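**Student:** Pasting a structure here, questions to come.
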Amino acid sequence: MGANSRLTVAAHALTWIGLYQRRGHEVATSEQIATSVNTNPVVIRRLLSQLRRAGLVDSRRGVGAGWTLSRDLPRITLLDVYEAVEPGPIFALHPAAPDPECVVGRGIAPVLGAAYDSVESALRAELARTTLEDVLRDVLKAA
């Protein structure tokens, strides 16, 4: 199973839009963003649609069409982005109930459920501590 990169691509796109706007541009096109991410503009449009539903970006149609941030980078956390593009929990239990006659099958869900809840809480707390302003600052330092 490959790792999911939606959070990474979404954070990249939002950070890029933020920098682009700071440099005096009003809107960014999905093609411009896709060039930075090195992906297809359709992938970017799909992610930006999710981000729009979450209130992180706005879109313009017609002449001057493109995307803008709905909030400034310091007011967008990685948790905001994560919640916009990653519906549901990180880990899931069995889709079908395991064998209740088996000692492992009977006990696995509550044990793993507690561990997964702990991991999810830690992840959310860490993502909430990092803003896209932090991301941009560190990207620019590394450049």
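How things are named: the first chain in the structure tokens is A, the next is B, and so on; residues count from 1 in each chain; ligands count from 1 in the order shown.
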Contacts of Leu73 of chain A at 8 Å or less, counting only C-alpha atoms, minus same-chain residues fewer than 4 places along, as a ChimeraX atom specification?
**Tutor:** /A:15,18,131-133
**Student:** Can those selected residues be exported to a file as a compact mmCIF listing (two decimals), in the first residue's frame so that it contains N, CA, C and O atoms?
**Tutor:**
# COMPACT_ATOMS: atom_id res chain seq x y z
N THR A 15 0.37 26.80 0.47
CA THR A 15 1.57 27.59 0.76
C THR A 15 2.02 28.34 -0.48
O THR A 15 2.38 29.52 -0.42
N GLY A 18 -0.29 31.26 -1.07
CA GLY A 18 0.03 32.32 -0.11
C GLY A 18 1.25 33.13 -0.52
O GLY A 18 1.23 34.36 -0.47
N THR A 131 1.41 26.06 11.52
CA THR A 131 0.63 26.84 10.56
C THR A 131 1.31 26.80 9.19
O THR A 131 2.50 26.45 9.09
N LEU A 132 0.58 27.20 8.18
CA LEU A 132 1.19 27.28 6.86
C LEU A 132 2.20 28.44 6.80
O LEU A 132 3.12 28.41 5.98
N GLU A 133 2.07 29.41 7.69
CA GLU A 133 3.10 30.44 7.81
C GLU A 133 4.41 29.79 8.26
O GLU A 133 5.48 30.13 7.74
**Student:** Would you mind writing down, as a short mmCIF file (atom, residue, chain, number, x, y, z; two decimals) with all heavy atoms, in the first residue's frame, each residue of chain A that DSSP on the backbone assigns to strand (DSSP E)?
**Tutor:**
data_model
loop_
_atom_site.label_atom_id
_atom_site.label_comp_id
_atom_site.auth_asym_id
_atom_site.auth_seq_id
_atom_site.Cartn_x
_atom_site.Cartn_y
_atom_site.Cartn_z
N VAL A 57 -9.96 28.19 0.73
CA VAL A 57 -9.71 28.93 -0.51
C VAL A 57 -11.04 29.38 -1.10
O VAL A 57 -12.09 28.85 -0.79
CB VAL A 57 -8.94 28.09 -1.57
CG1 VAL A 57 -7.54 27.76 -1.12
CG2 VAL A 57 -9.71 26.86 -1.98
N ASP A 58 -10.93 30.37 -1.96
CA ASP A 58 -12.05 30.84 -2.77
C ASP A 58 -11.65 30.70 -4.23
O ASP A 58 -10.46 30.73 -4.56
CB ASP A 58 -12.37 32.31 -2.49
CG ASP A 58 -12.91 32.52 -1.08
OD1 ASP A 58 -13.80 31.77 -0.68
OD2 ASP A 58 -12.43 33.45 -0.40
N SER A 59 -12.64 30.59 -5.10
CA SER A 59 -12.35 30.51 -6.53
C SER A 59 -13.09 31.61 -7.25
O SER A 59 -14.14 32.07 -6.82
CB SER A 59 -12.75 29.15 -7.09
OG SER A 59 -14.14 28.94 -6.95
N ARG A 60 -12.49 32.03 -8.35
CA ARG A 60 -13.10 33.01 -9.25
C ARG A 60 -13.28 32.37 -10.60
O ARG A 60 -12.41 31.64 -11.06
CB ARG A 60 -12.22 34.24 -9.40
CG ARG A 60 -12.09 35.05 -8.15
CD ARG A 60 -11.36 36.33 -8.47
NE ARG A 60 -11.03 37.02 -7.24
CZ ARG A 60 -10.23 38.05 -7.19
NH1 ARG A 60 -9.66 38.50 -8.30
NH2 ARG A 60 -9.99 38.63 -6.05
N GLY A 66 -9.28 31.89 -11.07
CA GLY A 66 -8.21 31.28 -10.29
C GLY A 66 -8.60 31.11 -8.84
O GLY A 66 -9.78 31.19 -8.50
N TRP A 67 -7.60 30.91 -8.02
CA TRP A 67 -7.79 30.57 -6.63
C TRP A 67 -7.10 31.59 -5.73
O TRP A 67 -6.02 32.08 -6.05
CB TRP A 67 -7.21 29.19 -6.36
CG TRP A 67 -7.87 28.12 -7.17
CD1 TRP A 67 -7.51 27.70 -8.42
CD2 TRP A 67 -9.02 27.37 -6.82
NE1 TRP A 67 -8.36 26.72 -8.85
CE2 TRP A 67 -9.30 26.49 -7.88
CE3 TRP A 67 -9.83 27.33 -5.69
CZ2 TRP A 67 -10.35 25.59 -7.85
CZ3 TRP A 67 -10.89 26.43 -5.66
CH2 TRP A 67 -11.14 25.58 -6.74
N THR A 68 -7.73 31.89 -4.61
CA THR A 68 -7.16 32.76 -3.59
C THR A 68 -7.35 32.11 -2.22
O THR A 68 -8.26 31.29 -2.04
CB THR A 68 -7.82 34.15 -3.56
OG1 THR A 68 -9.22 33.98 -3.27
CG2 THR A 68 -7.66 34.88 -4.88
N LEU A 69 -6.52 32.48 -1.28
CA LEU A 69 -6.71 32.00 0.09
C LEU A 69 -7.90 32.71 0.72
O LEU A 69 -8.09 33.91 0.51
CB LEU A 69 -5.47 32.27 0.94
CG LEU A 69 -4.18 31.54 0.56
CD1 LEU A 69 -3.06 31.95 1.50
CD2 LEU A 69 -4.37 30.04 0.56
#
**Student:** Have a look at atom CA of Ile76 of chain A and atom CA of His12 of chain A and let me know their distance in Å, one decimal.
**Tutor:**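 Separation of atom CA of Ile76 of chain A and atom CA of His12 of chain A: 12.6 Å.
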**Student:** Would you mind telling me which residue in A:Val9, A:Leu14, A:Val85, A:Val27 lies nearest to Gly64 of chain A when using only C-alpha atoms?
**Tutor:**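 That would be A:Val27, the residue with the smallest distance to Gly64 of chain A.
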**Student:** With only C-alpha atoms as the basis for distance, which of A:Ile44, A:Gly113, A:Ser49, A:Ala54 is at the shortest distance from Leu79 of chain A?
**Tutor:** A:Ala54
